[in-house]
Amino acid sequence: MIITHEVPEHFIRQVTTHKPPLLFSWNASQIQEHLILSHSYNLFCLSEEKLVGFLLSSLLPIENECEAELFHIEVFPTHQRGGVATRLIHALHQKCQNSFKKTVIYLETAKNNHFAINFYEKMGYKTYNERKNYYGSNTIAPHSNTALLFSITLDGQ
Ligand SMILES: CC(C)(COP(=O)(O)OP(=O)(O)OC[C@H]1O[C@@H](n2cnc3c(N)ncnc32)[C@H](O)[C@@H]1OP(=O)(O)O)[C@@H](O)C(=O)NCCC(=O)NCCS
């Protein structure tokens with residue numbers, strides 16, 4: 001299994017046409033726009049050359065510190081619970097710690113997404129707020145309109 005920055009061939013098509021079970025809610029042009037932004041930072045996990053998970057984030061440097069946002073992390077159902085998301089998050093944290101003196105990473109997830117909440121808490125993220133009616137009719141959270149906001153602060157070298 002490898003973690004890479006290289007956008008896999010057919011990535012956009014793969015994540016926009018295979019749902020469910022993929023929960024990713026951006027459409028193809030939103031993903032495309034994100035991928036070409038100078039501050040976007042994305043990681044892909046490949047197993048036997050096939051995409052099994054990914055994360056999309058942005059790293060905004062402010063002097064030698066960084067304000068980061070994790071937009072989405074997803075592991076394909078065939079590979080869930082095998083440590084893929086843990087490896088992706090660790091790679092993101094390592095990048096931040098190697099590049100900045102201090103990084104705060106922000107993210108949000110639906111209040112009923114218990115797998116994700118367990119995951120973020122295990123990775124050290126803490127909830128700092130909650131937003132009601134956050135998702136509207138967004139399909140990623142059909143049964144919960146409440147978002148939990150999480151963050152983590154990482155000290156670098
Ligand atoms: C959340 C998600 C990314 C976790 O990916 P993963 O590769 O399966 O996670 P890992 O194997 O690295 O698990 C690490 C920890 O997360 C938690 N976790 C992950 N999946 C879980 C599940 N199904 N049930 C309960 N806890 C879970 C556990 O604490 C786990 O540690 P453990 O295995 O020692 O108990 C994955 O379930 C997923 O892609 N979900 C759909 C997309 C999604 O909801 N993304 C988040 C949107 S904000």
# chains A, B, ... in the order shown; residues from 1 in each chain; ligands from 1
>>> residues_around(residues="segment 91-106 of chain A", least_positions_apart="2", cutoff="7 Å", atoms="only C-alpha atoms", output="MDAnalysis selection string")
chainID A and resid 64:70 87:89 150:157
>>> select_by_dssp(residues="segment 1-154 of chain A", states="strand (DSSP E)", output="PyMOL selection string")
chain A and resi 2-4+40-47+50-62+65-75+102-110+126-131+147-154
>>> select_by_dssp(residues="segment 8-126 of chain A", states="alpha helix (DSSP H)", output="PyMOL selection string")
chain A and resi 11-17+28-36+84-99+114-122
>>> write_last_selection(atoms="C-alpha atoms", output="CSV table (one decimal), in the first residue's frame")
chain,number,residue,atom,x,y,z
A,11,PHE,CA,-9.9,9.9,-9.9
A,12,ILE,CA,-12.6,12.4,-10.5
A,13,ARG,CA,-14.7,10.0,-12.5
A,14,GLN,CA,-14.2,7.3,-9.9
A,15,VAL,CA,-15.4,9.4,-7.0
A,16,THR,CA,-18.2,11.1,-8.7
A,17,THR,CA,-19.8,8.1,-10.5
A,28,ALA,CA,-16.6,16.9,-10.8
A,29,SER,CA,-16.0,20.7,-11.4
A,30,GLN,CA,-15.7,21.4,-7.6
A,31,ILE,CA,-13.1,18.6,-7.3
A,32,GLN,CA,-11.3,19.8,-10.4
A,33,GLU,CA,-11.2,23.4,-9.1
A,34,HIS,CA,-9.9,22.2,-5.7
A,35,LEU,CA,-7.1,20.0,-7.3
A,36,ILE,CA,-5.6,22.9,-9.2
A,84,VAL,CA,-6.0,3.3,5.5
A,85,ALA,CA,-7.5,6.5,6.9
A,86,THR,CA,-5.1,6.5,9.8
A,87,ARG,CA,-2.2,6.3,7.4
A,88,LEU,CA,-3.6,9.2,5.3
A,89,ILE,CA,-4.1,11.4,8.4
A,90,HIS,CA,-0.7,10.6,9.7
A,91,ALA,CA,0.8,11.6,6.4
A,92,LEU,CA,-1.1,14.9,6.5
A,93,HIS,CA,0.1,15.6,10.0
A,94,GLN,CA,3.7,14.7,9.1
A,95,LYS,CA,3.6,17.2,6.2
A,96,CYS,CA,2.3,19.9,8.5
A,97,GLN,CA,4.8,19.2,11.2
A,98,ASN,CA,7.7,19.1,8.7
A,99,SER,CA,6.6,22.4,7.0
A,114,HIS,CA,-20.3,7.9,14.3
A,115,PHE,CA,-17.5,6.1,12.4
A,116,ALA,CA,-15.9,9.4,11.4
A,117,ILE,CA,-16.4,10.9,14.9
A,118,ASN,CA,-14.7,7.8,16.4
A,119,PHE,CA,-11.9,8.1,13.9
A,120,TYR,CA,-11.2,11.8,14.4
A,121,GLU,CA,-11.3,11.5,18.2
A,122,LYS,CA,-8.8,8.6,18.0
>>> residues_around(residues="Ile73 of chain A", least_positions_apart="6", cutoff="8 Å", atoms="only C-alpha atoms", output="PyMOL selection string")
chain A and resi 53-56+85
>>> closest_residue(among="A:Phe76, A:Trp26, A:Phe44, A:Tyr134", to="ligand 1", atoms="only C-alpha atoms and all ligand atoms")
A:Phe76
>>> atom_distance(atom1="atom CA of His39 of chain A", atom2="atom CA of Leu60 of chain A")
6.1 Å
>>> residues_around(residues="Glu48 of chain A", least_positions_apart="2", cutoff="8 Å", atoms="only C-alpha atoms", output="MDAnalysis selection string")
chainID A and resid 1 46 50
>>> write_last_selection(atoms="N, CA and C atoms", output="compact mmCIF listing (two decimals), in the first residue's frame")
# COMPACT_ATOMS: atom_id res chain seq x y z
N MET A 1 0.84 -1.20 0.00
CA MET A 1 0.00 0.00 0.00
C MET A 1 0.88 1.25 0.00
N LEU A 46 -3.03 3.94 -2.54
CA LEU A 46 -3.18 2.94 -3.60
C LEU A 46 -2.80 1.56 -3.06
N LYS A 50 -4.44 0.34 -7.30
CA LYS A 50 -5.84 0.81 -7.34
C LYS A 50 -6.10 1.75 -6.17
>>> atom_distance(atom1="atom CA of Ala147 of chain A", atom2="atom CA of Gln80 of chain A")
22.6 Å
